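Engineer: To be precise about what I am sending: the file is called start_12.txt and holds compact mmCIF, N, CA and C atoms.
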# COMPACT_ATOMS: atom_id res chain seq x y z
N MET U 1 154.31 -105.34 -17.94
CA MET U 1 153.68 -104.44 -16.99
C MET U 1 153.43 -103.10 -17.67
N ASN U 2 152.34 -102.46 -17.31
CA ASN U 2 152.00 -101.16 -17.86
C ASN U 2 152.58 -100.07 -16.96
N TYR U 3 153.76 -99.55 -17.34
CA TYR U 3 154.45 -98.56 -16.51
C TYR U 3 153.81 -97.19 -16.58
N THR U 4 152.88 -96.97 -17.51
CA THR U 4 152.23 -95.67 -17.59
C THR U 4 151.40 -95.40 -16.34
N LYS U 5 151.06 -96.43 -15.58
CA LYS U 5 150.32 -96.23 -14.33
C LYS U 5 151.17 -95.49 -13.29
N LEU U 6 152.50 -95.53 -13.44
CA LEU U 6 153.39 -94.84 -12.52
C LEU U 6 153.65 -93.40 -12.93
N LEU U 7 153.20 -92.98 -14.10
CA LEU U 7 153.49 -91.63 -14.58
C LEU U 7 153.01 -90.53 -13.63
N PRO U 8 151.89 -90.68 -12.95
CA PRO U 8 151.52 -89.62 -11.99
C PRO U 8 152.54 -89.45 -10.87
N ILE U 9 153.35 -90.47 -10.62
CA ILE U 9 154.36 -90.39 -9.57
C ILE U 9 155.68 -89.88 -10.11
N VAL U 10 156.16 -90.48 -11.19
CA VAL U 10 157.51 -90.17 -11.67
C VAL U 10 157.55 -89.09 -12.74
N GLY U 11 156.43 -88.78 -13.38
CA GLY U 11 156.40 -87.74 -14.39
C GLY U 11 156.47 -88.31 -15.81
N GLU U 12 156.06 -87.51 -16.76
CA GLU U 12 155.96 -87.93 -18.15
C GLU U 12 157.31 -88.29 -18.77
N GLY U 13 158.41 -87.77 -18.24
CA GLY U 13 159.72 -88.06 -18.79
C GLY U 13 160.20 -89.48 -18.56
N PHE U 14 159.44 -90.25 -17.80
CA PHE U 14 159.84 -91.61 -17.46
C PHE U 14 158.77 -92.59 -17.92
N ASN U 15 158.42 -92.53 -19.21
CA ASN U 15 157.33 -93.34 -19.74
C ASN U 15 157.80 -94.64 -20.38
N GLU U 16 159.07 -94.99 -20.24
CA GLU U 16 159.57 -96.26 -20.75
C GLU U 16 159.77 -97.23 -19.60
N ALA U 17 159.93 -98.49 -19.92
CA ALA U 17 160.14 -99.50 -18.88
C ALA U 17 161.42 -99.20 -18.11
N PRO U 18 161.38 -99.30 -16.79
CA PRO U 18 162.57 -99.03 -15.97
C PRO U 18 163.52 -100.22 -15.94
N LEU U 19 164.71 -99.98 -15.46
CA LEU U 19 165.62 -101.06 -15.12
C LEU U 19 165.16 -101.61 -13.78
N TYR U 20 165.02 -102.92 -13.68
CA TYR U 20 164.76 -103.51 -12.37
C TYR U 20 166.09 -103.99 -11.84
N PHE U 21 166.43 -103.59 -10.62
CA PHE U 21 167.63 -104.10 -10.00
C PHE U 21 167.33 -104.39 -8.54
N SER U 22 168.13 -105.27 -8.00
CA SER U 22 167.95 -105.70 -6.62
C SER U 22 169.18 -105.35 -5.80
N LEU U 23 168.97 -105.04 -4.53
CA LEU U 23 170.06 -104.82 -3.59
C LEU U 23 170.26 -106.03 -2.68
N SER U 24 169.58 -107.13 -2.96
CA SER U 24 169.72 -108.32 -2.12
C SER U 24 171.09 -108.96 -2.33
N GLU U 25 171.47 -109.80 -1.40
CA GLU U 25 172.80 -110.40 -1.40
C GLU U 25 173.08 -111.23 -2.65
N ASP U 26 172.06 -111.81 -3.25
CA ASP U 26 172.27 -112.67 -4.41
C ASP U 26 172.11 -111.93 -5.75
N SER U 27 172.01 -110.63 -5.71
CA SER U 27 171.84 -109.83 -6.92
C SER U 27 173.15 -109.63 -7.66
N GLU U 28 173.08 -109.58 -8.97
CA GLU U 28 174.27 -109.29 -9.77
C GLU U 28 174.78 -107.87 -9.51
N TYR U 29 173.94 -107.01 -8.97
CA TYR U 29 174.32 -105.62 -8.72
C TYR U 29 174.76 -105.36 -7.27
N HIS U 30 174.66 -106.35 -6.43
CA HIS U 30 174.92 -106.17 -5.00
C HIS U 30 176.28 -105.55 -4.72
N SER U 31 177.31 -106.02 -5.39
CA SER U 31 178.67 -105.53 -5.11
C SER U 31 178.84 -104.06 -5.46
N LEU U 32 178.00 -103.53 -6.33
CA LEU U 32 178.08 -102.10 -6.67
C LEU U 32 177.68 -101.21 -5.51
N PHE U 33 176.86 -101.74 -4.61
CA PHE U 33 176.25 -100.91 -3.58
C PHE U 33 176.63 -101.29 -2.15
N ALA U 34 177.21 -102.47 -1.95
CA ALA U 34 177.56 -102.92 -0.60
C ALA U 34 178.54 -101.95 0.05
N GLY U 35 178.22 -101.48 1.23
CA GLY U 35 179.08 -100.58 1.98
C GLY U 35 179.06 -99.14 1.50
N ALA U 36 178.22 -98.83 0.56
CA ALA U 36 178.18 -97.47 0.00
C ALA U 36 177.39 -96.52 0.88
N SER U 37 177.82 -95.28 0.91
CA SER U 37 177.02 -94.24 1.57
C SER U 37 175.83 -93.93 0.68
N GLN U 38 174.86 -93.22 1.22
CA GLN U 38 173.69 -92.87 0.42
C GLN U 38 174.09 -92.06 -0.81
N ALA U 39 175.01 -91.11 -0.63
CA ALA U 39 175.44 -90.26 -1.75
C ALA U 39 176.15 -91.08 -2.83
N SER U 40 177.06 -91.95 -2.43
CA SER U 40 177.77 -92.74 -3.44
C SER U 40 176.86 -93.79 -4.06
N LEU U 41 175.90 -94.31 -3.29
CA LEU U 41 174.93 -95.23 -3.85
C LEU U 41 174.15 -94.56 -4.97
N GLN U 42 173.73 -93.32 -4.75
CA GLN U 42 172.96 -92.62 -5.77
C GLN U 42 173.78 -92.38 -7.04
N VAL U 43 175.05 -92.00 -6.87
CA VAL U 43 175.92 -91.80 -8.03
C VAL U 43 176.09 -93.11 -8.80
N SER U 44 176.36 -94.20 -8.08
CA SER U 44 176.52 -95.51 -8.73
C SER U 44 175.23 -95.94 -9.41
N LEU U 45 174.11 -95.69 -8.77
CA LEU U 45 172.83 -96.06 -9.34
C LEU U 45 172.55 -95.27 -10.62
N ASP U 46 172.81 -93.98 -10.61
CA ASP U 46 172.61 -93.17 -11.81
C ASP U 46 173.47 -93.69 -12.96
N LYS U 47 174.72 -94.06 -12.67
CA LYS U 47 175.62 -94.60 -13.70
C LYS U 47 175.11 -95.93 -14.23
N LEU U 48 174.64 -96.79 -13.33
CA LEU U 48 174.10 -98.08 -13.73
C LEU U 48 172.89 -97.92 -14.64
N ILE U 49 171.97 -97.06 -14.25
CA ILE U 49 170.77 -96.82 -15.05
C ILE U 49 171.16 -96.34 -16.45
N ALA U 50 172.07 -95.37 -16.53
CA ALA U 50 172.50 -94.84 -17.82
C ALA U 50 173.21 -95.91 -18.65
N SER U 51 174.03 -96.75 -18.01
CA SER U 51 174.78 -97.78 -18.74
C SER U 51 173.86 -98.82 -19.37
N LYS U 52 172.67 -98.97 -18.81
CA LYS U 52 171.70 -99.92 -19.34
C LYS U 52 170.73 -99.25 -20.33
N GLY U 53 170.97 -97.96 -20.62
CA GLY U 53 170.12 -97.26 -21.57
C GLY U 53 168.73 -96.96 -21.05
N LYS U 54 168.62 -96.84 -19.74
CA LYS U 54 167.32 -96.58 -19.12
C LYS U 54 167.30 -95.19 -18.51
N ALA U 55 166.11 -94.68 -18.24
CA ALA U 55 165.97 -93.35 -17.63
C ALA U 55 165.71 -93.45 -16.13
N TRP U 56 165.24 -94.62 -15.66
CA TRP U 56 164.89 -94.77 -14.25
C TRP U 56 164.95 -96.24 -13.87
N SER U 57 164.77 -96.53 -12.58
CA SER U 57 164.81 -97.92 -12.13
C SER U 57 163.84 -98.15 -10.98
N ILE U 58 163.58 -99.42 -10.76
CA ILE U 58 162.73 -99.86 -9.65
C ILE U 58 163.47 -100.99 -8.94
N SER U 59 163.39 -100.99 -7.63
CA SER U 59 163.92 -102.09 -6.83
C SER U 59 163.09 -102.20 -5.57
N GLY U 60 163.28 -103.29 -4.87
CA GLY U 60 162.66 -103.26 -3.58
C GLY U 60 162.04 -104.46 -2.94
N TYR U 61 160.81 -104.73 -3.17
CA TYR U 61 159.98 -105.53 -2.30
C TYR U 61 160.57 -106.90 -1.99
N LEU U 62 160.67 -107.20 -0.70
CA LEU U 62 161.14 -108.45 -0.11
C LEU U 62 162.59 -108.79 -0.43
N GLU U 63 163.39 -107.81 -0.77
CA GLU U 63 164.82 -108.05 -0.94
C GLU U 63 165.45 -108.22 0.44
N ASN U 64 166.33 -109.20 0.57
CA ASN U 64 167.08 -109.36 1.81
C ASN U 64 168.29 -108.44 1.72
N ARG U 65 168.28 -107.38 2.51
CA ARG U 65 169.32 -106.37 2.46
C ARG U 65 170.24 -106.43 3.68
N ALA U 66 170.45 -107.62 4.22
CA ALA U 66 171.28 -107.78 5.42
C ALA U 66 172.68 -107.21 5.22
N THR U 67 173.31 -107.48 4.10
CA THR U 67 174.66 -106.98 3.87
C THR U 67 174.68 -105.47 3.76
N ILE U 68 173.72 -104.91 3.07
CA ILE U 68 173.63 -103.46 2.91
C ILE U 68 173.40 -102.80 4.28
N LEU U 69 172.69 -103.48 5.16
CA LEU U 69 172.36 -102.93 6.47
C LEU U 69 173.37 -103.31 7.55
N ALA U 70 174.52 -103.82 7.18
CA ALA U 70 175.51 -104.27 8.15
C ALA U 70 175.95 -103.17 9.10
N LYS U 71 175.86 -101.92 8.69
CA LYS U 71 176.25 -100.79 9.56
C LYS U 71 175.22 -100.54 10.66
N TYR U 72 174.10 -101.23 10.60
CA TYR U 72 173.00 -101.02 11.54
C TYR U 72 172.68 -102.34 12.26
N PRO U 73 173.53 -102.74 13.22
CA PRO U 73 173.37 -104.05 13.86
C PRO U 73 172.02 -104.23 14.54
N GLN U 74 171.40 -103.13 14.99
CA GLN U 74 170.08 -103.29 15.63
C GLN U 74 169.05 -103.82 14.63
N MET U 75 169.17 -103.45 13.37
CA MET U 75 168.24 -103.95 12.37
C MET U 75 168.47 -105.44 12.11
N ILE U 76 169.74 -105.84 12.10
CA ILE U 76 170.07 -107.26 11.91
C ILE U 76 169.54 -108.07 13.09
N SER U 77 169.82 -107.61 14.32
CA SER U 77 169.41 -108.36 15.51
C SER U 77 167.88 -108.42 15.64
N GLN U 78 167.19 -107.42 15.12
CA GLN U 78 165.73 -107.40 15.17
C GLN U 78 165.11 -108.13 13.98
N GLY U 79 165.94 -108.64 13.06
CA GLY U 79 165.42 -109.36 11.91
C GLY U 79 164.74 -108.48 10.88
N ARG U 80 165.14 -107.21 10.85
CA ARG U 80 164.51 -106.27 9.92
C ARG U 80 165.38 -106.06 8.68
N THR U 81 165.66 -107.15 7.99
CA THR U 81 166.54 -107.07 6.83
C THR U 81 165.80 -107.19 5.50
N PHE U 82 164.53 -107.53 5.53
CA PHE U 82 163.77 -107.64 4.29
C PHE U 82 163.08 -106.32 4.00
N HIS U 83 163.32 -105.80 2.82
CA HIS U 83 162.77 -104.51 2.42
C HIS U 83 161.29 -104.67 2.10
N LEU U 84 160.45 -103.86 2.73
CA LEU U 84 159.00 -103.98 2.57
C LEU U 84 158.42 -102.84 1.74
N GLY U 85 159.22 -102.29 0.87
CA GLY U 85 158.75 -101.21 0.01
C GLY U 85 159.24 -101.41 -1.41
N ILE U 86 158.88 -100.49 -2.24
CA ILE U 86 159.36 -100.46 -3.62
C ILE U 86 160.08 -99.14 -3.81
N ASP U 87 161.33 -99.19 -4.23
CA ASP U 87 162.10 -97.98 -4.49
C ASP U 87 161.94 -97.59 -5.95
N ILE U 88 161.56 -96.36 -6.17
CA ILE U 88 161.49 -95.79 -7.52
C ILE U 88 162.63 -94.80 -7.60
N ASN U 89 163.58 -95.07 -8.46
CA ASN U 89 164.81 -94.29 -8.54
C ASN U 89 164.86 -93.51 -9.83
N ILE U 90 164.93 -92.19 -9.71
CA ILE U 90 165.10 -91.34 -10.87
C ILE U 90 166.38 -90.52 -10.65
N PRO U 91 167.05 -90.12 -11.72
CA PRO U 91 168.34 -89.44 -11.57
C PRO U 91 168.25 -88.15 -10.76
N VAL U 92 169.34 -87.84 -10.07
CA VAL U 92 169.45 -86.60 -9.32
C VAL U 92 169.20 -85.44 -10.28
N GLY U 93 168.42 -84.48 -9.83
CA GLY U 93 168.11 -83.31 -10.65
C GLY U 93 166.85 -83.46 -11.48
N SER U 94 166.25 -84.64 -11.48
CA SER U 94 165.00 -84.85 -12.22
C SER U 94 163.87 -84.14 -11.51
N SER U 95 162.82 -83.90 -12.24
CA SER U 95 161.65 -83.22 -11.67
C SER U 95 160.48 -84.19 -11.59
N PRO U 96 160.35 -84.92 -10.46
CA PRO U 96 159.19 -85.80 -10.30
C PRO U 96 157.93 -84.97 -10.07
N ASN U 97 156.84 -85.64 -10.06
CA ASN U 97 155.55 -84.98 -9.79
C ASN U 97 155.60 -84.29 -8.44
N PRO U 98 155.39 -82.98 -8.40
CA PRO U 98 155.47 -82.27 -7.12
C PRO U 98 154.40 -82.68 -6.12
N PHE U 99 153.30 -83.25 -6.58
CA PHE U 99 152.23 -83.67 -5.68
C PHE U 99 152.61 -84.90 -4.87
N LEU U 100 153.64 -85.63 -5.31
CA LEU U 100 154.11 -86.81 -4.60
C LEU U 100 154.59 -86.45 -3.21
N PHE U 101 155.12 -85.24 -3.04
CA PHE U 101 155.75 -84.86 -1.79
C PHE U 101 154.87 -83.98 -0.91
N LEU U 102 153.60 -83.85 -1.23
CA LEU U 102 152.70 -83.03 -0.41
C LEU U 102 152.26 -83.78 0.83
Would you write the structure of this file as structure tokens?

Structural biologist:
Amino acid sequence: MNYTKLLPIVGEGFNEAPLYFSLSEDSEYHSLFAGASQASLQVSLDKLIASKGKAWSISGYLENRATILAKYPQMISQGRTFHLGIDINIPVGSSPNPFLFL
């Protein structure tokens, strides 16, 4: 995949291939994030990215996140457990493209 197409979003500092990880129940990384708060998830994610020698990561589309969403029973009962987006994760304190948030 040509990741340079994402540079307008993530910035020039992230021009290498990202780590792909999944939050779905069958992922090797699932146990790192199950039951985590947003803040602790971000800390764990930053550590994981660094441990793999990467600067950023991507996760997301069609992952079954039922376990991660266990704190939100309305989402489970409504069948809204499949993630319909792509998460682009860059370390806390990074400077993404400011136009992304306009």

Engineer: Using only N, CA and C atoms, can you tell me which of U:Ala17, U:Gly79, U:Ile49, U:Gly85 comes closest to Glu63 of chain U?

Structural biologist: U:Gly85

Engineer: Between atom CA of Ala66 of chain U and atom CA of Thr81 of chain U, measure the distance and give it in Å to one decimal.

Structural biologist: 5.0 Å

Engineer: Give me, please, the distance in Å between atom C of Leu45 of chain U and atom CA of Ser57 of chain U, quoted to one decimal.

Structural biologist: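 That distance, rounded to one decimal, is 8.3 Å.
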
Engineer: Atom CA of Ile58 of chain U and atom CA of Ala70 of chain U are how many Å apart?

Structural biologist: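 Atom-to-atom, atom CA of Ile58 of chain U and atom CA of Ala70 of chain U are spaced 22.4 Å apart.
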
Engineer: Could you pull out every residue with an atom within 6.5 Å of (163.4, -102.8, -8.2), file coordinates, counting all atoms listed in the file, and send them as a ChimeraX atom specification?

Structural biologist: /U:19-22,57-61,87

Engineer: Using DSSP on the backbone coordinates, identify the residues of segment 16-73 of chain U assigned to helix (DSSP H, G or I); present them as a VMD selection string.

Structural biologist: chain U and resid 30 to 33 38 to 51 73

Engineer: For Lys52 of chain U, which of U:Pro18, U:Phe33, U:Ile90, U:Glu25 is the closest residue, counting only C-alpha atoms?

Structural biologist: U:Pro18

Engineer: What's the 8 Å shell around Ile68 of chain U, counting all atoms listed in the file, without same-chain residues fewer than 6 positions away, as an MDAnalysis selection string?

Structural biologist: chainID U and resid 23:25 33:36

Engineer: Would you output that residue set with N, CA and C atoms, as a PDB file, in the frame of the given file?

Structural biologist:
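Output (part.pdb):
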ATOM      1  N   LEU U  23     168.970-105.040  -4.530  1.00  0.00           N
ATOM      2  CA  LEU U  23     170.060-104.820  -3.590  1.00  0.00           C
ATOM      3  C   LEU U  23     170.260-106.030  -2.680  1.00  0.00           C
ATOM      4  N   SER U  24     169.580-107.130  -2.960  1.00  0.00           N
ATOM      5  CA  SER U  24     169.720-108.320  -2.120  1.00  0.00           C
ATOM      6  C   SER U  24     171.090-108.960  -2.330  1.00  0.00           C
ATOM      7  N   GLU U  25     171.470-109.800  -1.400  1.00  0.00           N
ATOM      8  CA  GLU U  25     172.800-110.400  -1.400  1.00  0.00           C
ATOM      9  C   GLU U  25     173.080-111.230  -2.650  1.00  0.00           C
ATOM     10  N   PHE U  33     176.860-101.740  -4.610  1.00  0.00           N
ATOM     11  CA  PHE U  33     176.250-100.910  -3.580  1.00  0.00           C
ATOM     12  C   PHE U  33     176.630-101.290  -2.150  1.00  0.00           C
ATOM     13  N   ALA U  34     177.210-102.470  -1.950  1.00  0.00           N
ATOM     14  CA  ALA U  34     177.560-102.920  -0.600  1.00  0.00           C
ATOM     15  C   ALA U  34     178.540-101.950   0.050  1.00  0.00           C
ATOM     16  N   GLY U  35     178.220-101.480   1.230  1.00  0.00           N
ATOM     17  CA  GLY U  35     179.080-100.580   1.980  1.00  0.00           C
ATOM     18  C   GLY U  35     179.060 -99.140   1.500  1.00  0.00           C
ATOM     19  N   ALA U  36     178.220 -98.830   0.560  1.00  0.00           N
ATOM     20  CA  ALA U  36     178.180 -97.470   0.000  1.00  0.00           C
ATOM     21  C   ALA U  36     177.390 -96.520   0.880  1.00  0.00           C
TER      22      ALA U  36
END
